[in-house]
$ cat target.pdb   # PDB, C-alpha atoms
ATOM      1  CA  MET A   1       0.000   0.000   0.000
ATOM      2  CA  LEU A   2       2.740   2.386   0.894
ATOM      3  CA  ASN A   3       5.568   3.855  -1.138
ATOM      4  CA  THR A   4       8.772   3.289   0.810
ATOM      5  CA  PRO A   5      12.382   2.544  -0.251
ATOM      6  CA  SER A   6      13.135  -0.562  -2.244
ATOM      7  CA  ARG A   7      14.198  -2.306   0.972
ATOM      8  CA  LEU A   8      10.605  -1.942   2.141
ATOM      9  CA  ALA A   9       9.121  -3.181  -1.080
ATOM     10  CA  GLN A  10      11.155  -6.366  -0.758
ATOM     11  CA  ARG A  11       9.805  -6.958   2.721
ATOM     12  CA  LEU A  12       6.159  -6.624   1.807
ATOM     13  CA  PRO A  13       4.850  -8.968  -0.884
ATOM     14  CA  ALA A  14       2.635  -7.289  -3.419
ATOM     15  CA  ILE A  15      -0.071  -9.857  -2.908
ATOM     16  CA  ALA A  16      -0.413  -8.892   0.768
ATOM     17  CA  MET A  17      -0.764  -5.270  -0.227
ATOM     18  CA  LEU A  18      -3.560  -5.986  -2.722
ATOM     19  CA  ALA A  19      -5.434  -8.347  -0.406
ATOM     20  CA  ALA A  20      -5.446  -6.169   2.774
ATOM     21  CA  VAL A  21      -8.376  -3.827   3.511
ATOM     22  CA  MET A  22      -7.424  -1.119   4.962
ATOM     23  CA  ALA A  23     -10.071  13.610  21.787
ATOM     24  CA  ILE A  24     -11.009  22.712  30.967
ATOM     25  CA  SER A  25     -14.224  48.865  56.944
ATOM     26  CA  GLY A  26     -17.050  49.085  59.286
ATOM     27  CA  CYS A  27     -18.385  52.186  61.092
ATOM     28  CA  GLN A  28     -15.963  53.513  63.738
ATOM     29  CA  LYS A  29     -16.984  53.463  67.374
ATOM     30  CA  GLU A  30     -17.058  56.642  69.460
ATOM     31  CA  THR A  31     -13.805  57.458  71.212
ATOM     32  CA  GLU A  32     -13.443  55.495  74.431
ATOM     33  CA  PRO A  33     -10.972  55.923  77.308
ATOM     34  CA  THR A  34      -7.814  54.174  76.480
ATOM     35  CA  THR A  35      -6.041  51.562  78.495
ATOM     36  CA  PRO A  36      -2.493  50.257  78.205
ATOM     37  CA  ASN A  37      -3.851  47.240  76.307
ATOM     38  CA  GLN A  38      -6.183  49.205  74.016
ATOM     39  CA  PRO A  39      -4.683  51.114  71.109
ATOM     40  CA  THR A  40      -5.473  54.797  70.670
ATOM     41  CA  ASP A  41      -7.388  55.961  67.596
ATOM     42  CA  THR A  42      -4.124  57.036  66.017
ATOM     43  CA  GLN A  43      -2.495  53.679  66.719
ATOM     44  CA  ARG A  44      -5.565  51.886  65.394
ATOM     45  CA  SER A  45      -5.529  53.969  62.228
ATOM     46  CA  ASP A  46      -1.837  53.295  61.696
ATOM     47  CA  THR A  47      -2.397  49.599  62.200
ATOM     48  CA  GLU A  48      -5.291  49.515  59.750
ATOM     49  CA  THR A  49      -3.286  51.438  57.183
ATOM     50  CA  THR A  50      -0.417  48.984  57.518
ATOM     51  CA  ALA A  51      -2.812  46.060  57.190
ATOM     52  CA  ASN A  52      -4.452  47.575  54.126
ATOM     53  CA  GLN A  53      -1.061  48.116  52.543
ATOM     54  CA  ALA A  54      -0.177  44.516  53.275
ATOM     55  CA  ASN A  55      -3.423  43.306  51.718
ATOM     56  CA  THR A  56      -2.870  45.498  48.689
ATOM     57  CA  THR A  57       0.628  44.138  48.308
ATOM     58  CA  SER A  58      -0.700  40.605  48.591
ATOM     59  CA  VAL A  59      -3.316  41.209  45.891
ATOM     60  CA  ASP A  60      -0.775  42.853  43.620
ATOM     61  CA  THR A  61       1.571  39.928  44.106
ATOM     62  CA  ASN A  62      -1.140  37.466  43.169
ATOM     63  CA  VAL A  63      -2.056  39.430  40.077
ATOM     64  CA  ASP A  64       1.573  39.597  39.011
ATOM     65  CA  ALA A  65       1.986  35.881  39.610
ATOM     66  CA  ASN A  66      -0.978  35.112  37.379
ATOM     67  CA  ALA A  67       0.309  37.469  34.733
ATOM     68  CA  ASP A  68       3.662  35.719  34.760
ATOM     69  CA  ALA A  69       2.195  32.217  34.648
ATOM     70  CA  PRO A  70       3.067  30.238  31.518
ATOM     71  CA  THR A  71       0.601  31.038  28.763
ATOM     72  CA  ASP A  72       0.360  27.424  27.668
ATOM     73  CA  MET A  73      -0.900  26.342  31.086
ATOM     74  CA  GLN A  74      -3.815  28.769  30.701
ATOM     75  CA  VAL A  75      -4.417  27.775  27.090
ATOM     76  CA  ASN A  76      -4.239  24.048  27.735
ATOM     77  CA  SER A  77      -7.367  24.193  29.911
ATOM     78  CA  SER A  78      -9.496  25.082  26.877
ATOM     79  CA  PRO A  79     -11.853  22.314  25.687
ATOM     80  CA  ILE A  80     -10.764  20.934  22.324
ATOM     81  CA  THR A  81     -12.384  18.303  20.114
ATOM     82  CA  ILE A  82     -10.156  16.513  17.624
ATOM     83  CA  LEU A  83     -11.742  14.322  14.969
ATOM     84  CA  ALA A  84      -9.625  11.439  13.717
ATOM     85  CA  LEU A  85     -11.209  10.736  10.341
ATOM     86  CA  GLY A  86     -10.170   7.997   7.976
ATOM     87  CA  ASP A  87     -10.016   4.287   7.276
ATOM     88  CA  SER A  88      -8.650   1.233   9.101
ATOM     89  CA  LEU A  89      -5.349   2.990   9.848
ATOM     90  CA  THR A  90      -7.398   5.422  11.954
ATOM     91  CA  GLU A  91      -9.846   2.900  13.345
ATOM     92  CA  GLY A  92      -6.964   0.729  14.500
ATOM     93  CA  LEU A  93      -7.845  -2.571  12.859
ATOM     94  CA  GLY A  94      -6.284  -5.472  14.734
ATOM     95  CA  VAL A  95      -5.260  -3.614  17.928
ATOM     96  CA  ASP A  96      -7.054  -3.021  21.236
ATOM     97  CA  LYS A  97      -9.344   0.038  21.288
ATOM     98  CA  ASN A  98      -6.961   1.715  23.756
ATOM     99  CA  ASP A  99      -3.973   1.162  21.479
ATOM    100  CA  ASN A 100      -5.104   2.770  18.218
ATOM    101  CA  TYR A 101      -3.687   6.181  17.367
ATOM    102  CA  PRO A 102      -6.717   8.301  18.413
ATOM    103  CA  ALA A 103      -6.716   6.704  21.887
ATOM    104  CA  GLN A 104      -2.966   7.048  22.293
ATOM    105  CA  LEU A 105      -3.076  10.629  21.018
ATOM    106  CA  GLU A 106      -5.739  11.626  23.566
ATOM    107  CA  ASP A 107      -3.727  10.074  26.398
ATOM    108  CA  ARG A 108      -0.559  11.808  25.229
ATOM    109  CA  LEU A 109      -2.222  15.230  24.900
ATOM    110  CA  GLN A 110      -3.778  15.007  28.355
ATOM    111  CA  ALA A 111      -0.400  14.062  29.817
ATOM    112  CA  MET A 112       1.026  17.165  28.110
ATOM    113  CA  GLY A 113      -1.530  19.385  29.882
ATOM    114  CA  TYR A 114      -4.399  19.477  27.389
ATOM    115  CA  LYS A 115      -6.753  18.129  30.047
ATOM    116  CA  ASN A 116     -10.001  18.963  28.266
ATOM    117  CA  THR A 117      -9.041  17.487  24.914
ATOM    118  CA  GLU A 118     -11.104  14.711  23.361
ATOM    119  CA  VAL A 119     -10.015  12.722  20.333
ATOM    120  CA  ILE A 120     -12.938  11.099  18.525
ATOM    121  CA  ASN A 121     -12.139   7.988  16.514
ATOM    122  CA  SER A 122     -14.084   8.131  13.258
ATOM    123  CA  GLY A 123     -12.053   5.594  11.333
ATOM    124  CA  LEU A 124     -13.823   2.921   9.326
ATOM    125  CA  SER A 125     -12.115  -0.157   7.946
ATOM    126  CA  GLY A 126     -12.319  -0.445   4.180
ATOM    127  CA  GLU A 127     -13.340   3.209   3.836
ATOM    128  CA  THR A 128     -12.769   4.902   0.503
ATOM    129  CA  SER A 129     -12.689   8.641  -0.180
ATOM    130  CA  THR A 130     -16.168   8.417  -1.698
ATOM    131  CA  GLY A 131     -17.567   6.618   1.351
ATOM    132  CA  LEU A 132     -15.981   9.184   3.643
ATOM    133  CA  VAL A 133     -17.563  12.089   1.773
ATOM    134  CA  ASN A 134     -20.941  10.371   2.009
ATOM    135  CA  ARG A 135     -20.793  10.211   5.823
ATOM    136  CA  LEU A 136     -19.465  13.742   6.459
ATOM    137  CA  ASP A 137     -22.869  15.080   7.555
ATOM    138  CA  TRP A 138     -22.868  12.489  10.335
ATOM    139  CA  VAL A 139     -19.307  13.012  11.594
ATOM    140  CA  LEU A 140     -19.609  16.814  11.450
ATOM    141  CA  GLN A 141     -22.158  16.593  14.281
ATOM    142  CA  THR A 142     -19.139  16.266  16.566
ATOM    143  CA  LYS A 143     -18.215  19.887  15.646
ATOM    144  CA  PRO A 144     -14.467  19.233  15.712
ATOM    145  CA  ASP A 145     -12.005  22.060  16.356
ATOM    146  CA  VAL A 146      -9.355  20.060  14.511
ATOM    147  CA  THR A 147      -9.665  17.165  12.070
ATOM    148  CA  ILE A 148      -6.859  14.771  11.188
ATOM    149  CA  LEU A 149      -7.867  13.410   7.790
ATOM    150  CA  THR A 150      -6.171  10.255   6.540
ATOM    151  CA  ILE A 151      -7.827   8.686   3.507
ATOM    152  CA  GLY A 152      -7.068   7.336   0.049
ATOM    153  CA  ALA A 153      -5.170   4.081   0.565
ATOM    154  CA  ASN A 154      -8.160   1.855  -0.125
ATOM    155  CA  ASP A 155      -8.935   3.848  -3.274
ATOM    156  CA  ALA A 156      -5.421   3.192  -4.526
ATOM    157  CA  ILE A 157      -5.647  -0.523  -3.791
ATOM    158  CA  ARG A 158      -8.758  -0.610  -5.936
ATOM    159  CA  GLY A 159      -7.018   1.346  -8.665
ATOM    160  CA  ILE A 160      -9.575   4.175  -8.503
ATOM    161  CA  ASP A 161      -8.813   7.086 -10.791
ATOM    162  CA  VAL A 162      -6.466   9.575  -9.077
ATOM    163  CA  ALA A 163      -8.600  12.541 -10.181
ATOM    164  CA  THR A 164     -11.600  11.045  -8.368
ATOM    165  CA  ILE A 165      -9.612  10.487  -5.186
ATOM    166  CA  GLU A 166      -8.301  14.062  -5.229
ATOM    167  CA  ALA A 167     -11.754  15.519  -5.894
ATOM    168  CA  ASN A 168     -13.171  13.599  -2.920
ATOM    169  CA  ILE A 169     -10.351  14.720  -0.610
ATOM    170  CA  ARG A 170     -10.881  18.354  -1.667
ATOM    171  CA  THR A 171     -14.616  18.020  -1.017
ATOM    172  CA  ALA A 172     -13.954  16.578   2.452
ATOM    173  CA  VAL A 173     -11.433  19.310   3.333
ATOM    174  CA  LYS A 174     -13.775  22.101   2.199
ATOM    175  CA  ARG A 175     -16.759  20.691   4.103
ATOM    176  CA  LEU A 176     -14.652  20.395   7.252
ATOM    177  CA  GLN A 177     -13.266  23.923   6.881
ATOM    178  CA  ASP A 178     -16.734  25.342   6.209
ATOM    179  CA  ASN A 179     -17.811  23.682   9.459
ATOM    180  CA  GLY A 180     -15.074  25.584  11.346
ATOM    181  CA  SER A 181     -12.610  22.723  11.698
ATOM    182  CA  VAL A 182      -8.878  23.152  11.139
ATOM    183  CA  VAL A 183      -7.763  20.311   8.900
ATOM    184  CA  ILE A 184      -4.512  18.372   9.099
ATOM    185  CA  LEU A 185      -4.050  16.100   6.104
ATOM    186  CA  GLY A 186      -2.170  12.836   6.452
ATOM    187  CA  GLY A 187      -0.126  12.109   3.354
ATOM    188  CA  MET A 188      -0.157   8.599   1.943
ATOM    189  CA  SER A 189       1.861   6.573  -0.565
ATOM    190  CA  ILE A 190       1.484   3.181  -2.187
ATOM    191  CA  TYR A 191       3.668   0.434  -3.589
ATOM    192  CA  ASP A 192       5.057   0.364  -7.077
ATOM    193  CA  ASN A 193       3.075  -2.723  -8.037
ATOM    194  CA  LEU A 194       0.331  -0.453  -9.446
ATOM    195  CA  GLY A 195       2.725   1.171 -11.862
ATOM    196  CA  SER A 196       5.112   4.078 -11.386
ATOM    197  CA  ASP A 197       2.855   6.645 -13.076
ATOM    198  CA  TYR A 198      -0.121   5.842 -10.828
ATOM    199  CA  VAL A 199       2.085   5.706  -7.713
ATOM    200  CA  ALA A 200       3.592   9.135  -8.428
ATOM    201  CA  ALA A 201       0.235  10.691  -9.310
ATOM    202  CA  PHE A 202      -1.335   9.324  -6.114
ATOM    203  CA  SER A 203       1.453  10.578  -3.826
ATOM    204  CA  ASP A 204       1.289  14.033  -5.424
ATOM    205  CA  ILE A 205      -2.359  14.474  -4.378
ATOM    206  CA  TYR A 206      -1.595  15.310  -0.757
ATOM    207  CA  PRO A 207       0.990  18.131  -1.001
ATOM    208  CA  ARG A 208      -0.997  19.689  -3.849
ATOM    209  CA  VAL A 209      -4.281  19.704  -1.870
ATOM    210  CA  ALA A 210      -2.475  20.977   1.251
ATOM    211  CA  LYS A 211      -0.959  23.875  -0.673
ATOM    212  CA  ASP A 212      -4.086  24.805  -2.619
ATOM    213  CA  MET A 213      -6.436  24.621   0.382
ATOM    214  CA  ASN A 214      -4.114  26.033   3.079
ATOM    215  CA  VAL A 215      -4.023  22.771   4.992
ATOM    216  CA  THR A 216      -1.264  21.536   7.280
ATOM    217  CA  LEU A 217       0.309  18.356   5.931
ATOM    218  CA  ILE A 218       1.793  15.325   7.604
ATOM    219  CA  PRO A 219       4.093  14.392   4.694
ATOM    220  CA  PHE A 220       3.783  10.632   5.231
ATOM    221  CA  PHE A 221       1.426   9.380   7.941
ATOM    222  CA  LEU A 222       3.275   6.066   8.336
ATOM    223  CA  GLU A 223       6.819   7.489   8.290
ATOM    224  CA  GLY A 224       9.159   5.281  10.332
ATOM    225  CA  VAL A 225       6.551   2.526  10.635
ATOM    226  CA  GLY A 226       5.542   1.427   7.149
ATOM    227  CA  GLY A 227       7.629  -1.523   6.041
ATOM    228  CA  GLU A 228       9.103  -2.216   9.484
ATOM    229  CA  ALA A 229       8.009  -5.762  10.250
ATOM    230  CA  GLU A 230       8.315  -5.418  14.048
ATOM    231  CA  LEU A 231       6.005  -2.354  14.015
ATOM    232  CA  ASN A 232       3.285  -3.908  11.870
ATOM    233  CA  GLN A 233       0.842  -6.749  12.277
ATOM    234  CA  ALA A 234       1.018 -10.020  10.376
ATOM    235  CA  ASP A 235      -0.699  -8.471   7.345
ATOM    236  CA  ALA A 236       2.323  -6.145   6.985
ATOM    237  CA  ILE A 237      -0.138  -3.268   6.529
ATOM    238  CA  HIS A 238      -1.617  -2.220   9.857
ATOM    239  CA  PRO A 239       0.592  -0.889  12.684
ATOM    240  CA  THR A 240       0.905  -2.554  16.061
ATOM    241  CA  LYS A 241       0.466  -0.641  19.342
ATOM    242  CA  GLU A 242       4.159   0.226  19.222
ATOM    243  CA  GLY A 243       3.837   1.370  15.638
ATOM    244  CA  TYR A 244       0.975   3.694  16.517
ATOM    245  CA  THR A 245       3.042   5.118  19.398
ATOM    246  CA  ILE A 246       5.720   6.168  16.907
ATOM    247  CA  ILE A 247       3.099   7.631  14.566
ATOM    248  CA  VAL A 248       1.625   9.714  17.417
ATOM    249  CA  ASN A 249       4.919  10.932  18.889
ATOM    250  CA  ASP A 250       6.960  11.435  15.738
ATOM    251  CA  ASN A 251       4.492  12.110  12.949
ATOM    252  CA  ILE A 252       1.343  13.658  14.444
ATOM    253  CA  LEU A 253       2.316  15.647  17.561
ATOM    254  CA  PRO A 254       5.028  17.805  15.928
ATOM    255  CA  ILE A 255       2.390  18.930  13.406
ATOM    256  CA  LEU A 256      -0.630  18.972  15.724
ATOM    257  CA  GLU A 257       0.731  20.882  18.745
ATOM    258  CA  PRO A 258       1.361  24.220  16.939
ATOM    259  CA  THR A 259      -2.144  23.914  15.501
ATOM    260  CA  LEU A 260      -3.616  23.346  18.971
ATOM    261  CA  GLN A 261      -1.815  26.433  20.289
ATOM    262  CA  GLU A 262      -3.317  28.516  17.492
ATOM    263  CA  VAL A 263      -6.788  27.092  18.032
ATOM    264  CA  THR A 264      -6.755  27.622  21.819
ATOM    265  CA  ALA A 265      -5.330  31.143  21.439
ATOM    266  CA  ALA A 266      -8.132  31.991  19.008
ATOM    267  CA  GLU A 267     -10.771  30.554  21.365
ATOM    268  CA  THR A 268      -9.341  32.526  24.316
ATOM    269  CA  SER A 269      -9.340  35.740  22.264
ATOM    270  CA  GLN A 270     -12.929  35.157  21.170
ATOM    271  CA  ALA A 271     -14.015  34.456  24.760
ATOM    272  CA  ASP A 272     -12.353  37.694  25.958
ATOM    273  CA  THR A 273     -14.034  39.678  23.192
ATOM    274  CA  THR A 274     -17.435  38.203  24.060
ATOM    275  CA  LYS A 275     -16.887  38.965  27.764
ATOM    276  CA  ASN A 276     -15.880  42.573  27.054
ATOM    277  CA  THR A 277     -18.840  43.080  24.746
ATOM    278  CA  THR A 278     -21.198  41.714  27.411
ATOM    279  CA  ASN A 279     -19.703  44.046  30.054
ATOM    280  CA  GLU A 280     -20.095  47.053  27.773
ATOM    281  CA  THR A 281     -23.778  46.351  27.147
ATOM    282  CA  THR A 282     -24.706  45.757  30.803
TER     283      THR A 282
END
$ encode --input "target.pdb" --output "structure tokens"
Amino acid sequence: MLNTPSRLAQRLPAIAMLAAVMAISGCQKETEPTTPNQPTDTQRSDTETTANQANTTSVDTNVDANADAPTDMQVNSSPITILALGDSLTEGLGVDKNDNYPAQLEDRLQAMGYKNTEVINSGLSGETSTGLVNRLDWVLQTKPDVTILTIGANDAIRGIDVATIEANIRTAVKRLQDNGSVVILGGMSIYDNLGSDYVAAFSDIYPRVAKDMNVTLIPFFLEGVGGEAELNQADAIHPTKEGYTIIVNDNILPILEPTLQEVTAAETSQADTTKNTTNETT
């Protein structure tokens, strides 16, 4: 399925490739006679002034501390919905539901401080680009802030016309963007057994769509995993738990984290604007 160096092609028989289906002060009292243990009015006033100064200093210190707190810690508390959209590589065919990439990504993000982040697994084994477009209305009900779109491998295995695949991917990206989701496109490649012209044309879809539609691109979703026998299941197509860990840490997070920072910053700015507007009208 994937276009990797010749060493990889030798490891993965063509027949296996063709057979596999691919989230956060009171009133003062009147003057009374003083005693040695009772402060005079002047002493009381001085004491209150000192106390007020101390309280003011304490408040100022707290304000300064909050102002100096790391911005990312404030941003990370924002609720974020990430939609993992694709085929069996997204669904996690053959691995436990806690080991697929969406599950591992959610765990990793929460460990990094994105406590209110949810990653929704909307991968479907055997999915083609046409099938994905047909179910967009359903998946868009999740109202994702970010969508990681990885699709096309099953189309290539079926030898579907490259122009059709690209048109479907563009339709999916536009629908997602129109719905307010920031799209990250996972690039894919296939093996040379379908012919060099088709292989090259298929691989070229992803950078071209990313450039034309202002989409962030993961150059090759399976980089470092595709073709490595110990990181793939017996079908030599689908990653193991360890393979997905590499995909999350090395391929997705370096691309996703800057996007999350932009999304959370935008949400914080919008919330501040809404708050200020409300205050001005009340």
$ closest_atom_pairs --input "target.pdb" --of "stretch 94-166 of chain A" --to "stretch 184-206 of chain A" --cutoff "8 Å" --atoms "only C-alpha atoms" --output "tab-separated table"
residue	atom	partner	partner_atom	distance
A:Val146	CA	A:Ile184	CA	7.5
A:Thr147	CA	A:Ile184	CA	6.1
A:Ile148	CA	A:Ile184	CA	4.8
A:Leu149	CA	A:Leu185	CA	5.0
A:Thr150	CA	A:Gly186	CA	4.8
A:Ile151	CA	A:Gly186	CA	7.6
A:Gly152	CA	A:Met188	CA	7.3
A:Ala153	CA	A:Met188	CA	6.9
A:Ala156	CA	A:Ile190	CA	7.3
A:Gly159	CA	A:Leu194	CA	7.6
A:Val162	CA	A:Phe202	CA	5.9
A:Glu166	CA	A:Ile205	CA	6.0
$ closest_residue --input "target.pdb" --among "A:Leu231, A:Val225, A:Val248, A:Ala84" --to "A:Pro144" --atoms "only C-alpha atoms"
A:Ala84
$ resolve_selection --input "target.pdb" --expression "the PyMOL selection byres ((chain A and resi 110-112) around 12)" --output "ChimeraX atom specification"
/A:23-24,72-73,75-80,103-109,113-119,249,253,257,260
$ resolve_selection --input "target.pdb" --expression "the PyMOL selection byres ((chain A and resi 141) around 12)" --output "list in words"
Thr81, Leu83, Ile120, Ser122, Arg135, Leu136, Asp137, Trp138, Val139, Leu140, Thr142, Lys143, Pro144, Asp145, Leu176, Asn179, Gly180 and Ser181 of chain A
$ resolve_selection --input "target.pdb" --expression "the PyMOL selection byres ((chain A and resi 215) around 8)" --output "count of residues only"
12
$ atom_distance --input "target.pdb" --atom1 "atom CA of A:Ile157" --atom2 "atom CA of A:Pro102"
23.9 Å
$ residues_around --input "target.pdb" --residues "A:Asn134" --least-positions-apart "6" --cutoff "10 Å" --atoms "all atoms listed in the file" --output "PyMOL selection string"
chain A and resi 128+168+172
$ atom_distance --input "target.pdb" --atom1 "atom CA of A:Asn251" --atom2 "atom CA of A:Pro239"
13.6 Å
$ closest_residue --input "target.pdb" --among "A:Leu256, A:Thr245, A:Val173, A:Thr264" --to "A:Asp99" --atoms "only C-alpha atoms"
A:Thr245
$ closest_residue --input "target.pdb" --among "A:Ala229, A:Leu89, A:Leu222, A:Val263" --to "A:Ile246" --atoms "all atoms listed in the file"
A:Leu222
$ residues_near_point --input "target.pdb" --point "(-9.6, 4.2, 15.4)" --cutoff "6 Å" --atoms "only C-alpha atoms" --output "list in words"
Thr90, Glu91, Gly92, Asn100, Pro102, Asn121 and Gly123 of chain A
$ atom_distance --input "target.pdb" --atom1 "atom CA of A:Val133" --atom2 "atom CA of A:Arg158"
17.3 Å
$ closest_residue --input "target.pdb" --among "A:Asp87, A:Glu223, A:Asp155, A:Asp235" --to "A:Leu124" --atoms "all atoms listed in the file"
A:Asp87
$ build_atoms --input "target.pdb" --residues "stretch 114-129 of chain A" --atoms "N, CA, C and O atoms" --output "mmCIF file, in the coordinates of the input"
data_model
loop_
_atom_site.group_PDB
_atom_site.id
_atom_site.type_symbol
_atom_site.label_atom_id
_atom_site.label_comp_id
_atom_site.auth_asym_id
_atom_site.auth_seq_id
_atom_site.Cartn_x
_atom_site.Cartn_y
_atom_site.Cartn_z
ATOM 1 N N TYR A 114 -3.143 19.174 28.079
ATOM 2 C CA TYR A 114 -4.399 19.477 27.389
ATOM 3 C C TYR A 114 -5.504 18.614 28.006
ATOM 4 O O TYR A 114 -6.008 17.673 27.389
ATOM 5 N N LYS A 115 -5.871 18.975 29.249
ATOM 6 C CA LYS A 115 -6.753 18.129 30.047
ATOM 7 C C LYS A 115 -8.157 17.980 29.481
ATOM 8 O O LYS A 115 -8.811 16.967 29.696
ATOM 9 N N ASN A 116 -8.629 19.002 28.775
ATOM 10 C CA ASN A 116 -10.001 18.963 28.266
ATOM 11 C C ASN A 116 -10.076 18.612 26.780
ATOM 12 O O ASN A 116 -10.998 19.017 26.085
ATOM 13 N N THR A 117 -9.077 17.876 26.322
ATOM 14 C CA THR A 117 -9.041 17.487 24.914
ATOM 15 C C THR A 117 -9.644 16.095 24.709
ATOM 16 O O THR A 117 -9.325 15.159 25.440
ATOM 17 N N GLU A 118 -10.506 16.001 23.707
ATOM 18 C CA GLU A 118 -11.104 14.711 23.361
ATOM 19 C C GLU A 118 -10.770 14.386 21.911
ATOM 20 O O GLU A 118 -10.900 15.229 21.034
ATOM 21 N N VAL A 119 -10.309 13.171 21.691
ATOM 22 C CA VAL A 119 -10.015 12.722 20.333
ATOM 23 C C VAL A 119 -11.057 11.675 19.959
ATOM 24 O O VAL A 119 -11.140 10.618 20.577
ATOM 25 N N ILE A 120 -11.862 12.002 18.946
ATOM 26 C CA ILE A 120 -12.938 11.099 18.525
ATOM 27 C C ILE A 120 -12.462 10.227 17.366
ATOM 28 O O ILE A 120 -12.003 10.733 16.340
ATOM 29 N N ASN A 121 -12.563 8.936 17.546
ATOM 30 C CA ASN A 121 -12.139 7.988 16.514
ATOM 31 C C ASN A 121 -13.282 7.775 15.532
ATOM 32 O O ASN A 121 -14.292 7.147 15.837
ATOM 33 N N SER A 122 -13.087 8.326 14.313
ATOM 34 C CA SER A 122 -14.084 8.131 13.258
ATOM 35 C C SER A 122 -13.418 7.453 12.071
ATOM 36 O O SER A 122 -13.577 7.865 10.928
ATOM 37 N N GLY A 123 -12.675 6.396 12.377
ATOM 38 C CA GLY A 123 -12.053 5.594 11.333
ATOM 39 C C GLY A 123 -12.958 4.422 11.008
ATOM 40 O O GLY A 123 -13.631 3.878 11.890
ATOM 41 N N LEU A 124 -12.969 4.025 9.756
ATOM 42 C CA LEU A 124 -13.823 2.921 9.326
ATOM 43 C C LEU A 124 -13.041 2.015 8.383
ATOM 44 O O LEU A 124 -12.595 2.446 7.319
ATOM 45 N N SER A 125 -12.879 0.776 8.760
ATOM 46 C CA SER A 125 -12.115 -0.157 7.946
ATOM 47 C C SER A 125 -12.731 -0.323 6.564
ATOM 48 O O SER A 125 -13.942 -0.458 6.414
ATOM 49 N N GLY A 126 -11.871 -0.290 5.551
ATOM 50 C CA GLY A 126 -12.319 -0.445 4.180
ATOM 51 C C GLY A 126 -12.827 0.843 3.567
ATOM 52 O O GLY A 126 -13.240 0.844 2.398
ATOM 53 N N GLU A 127 -12.797 1.951 4.326
ATOM 54 C CA GLU A 127 -13.340 3.209 3.836
ATOM 55 C C GLU A 127 -12.582 3.748 2.634
ATOM 56 O O GLU A 127 -11.356 3.725 2.581
ATOM 57 N N THR A 128 -13.347 4.234 1.660
ATOM 58 C CA THR A 128 -12.769 4.902 0.503
ATOM 59 C C THR A 128 -13.073 6.392 0.627
ATOM 60 O O THR A 128 -13.869 6.811 1.474
ATOM 61 N N SER A 129 -12.454 7.197 -0.227
ATOM 62 C CA SER A 129 -12.689 8.641 -0.180
ATOM 63 C C SER A 129 -14.154 8.966 -0.487
ATOM 64 O O SER A 129 -14.740 9.880 0.091
#
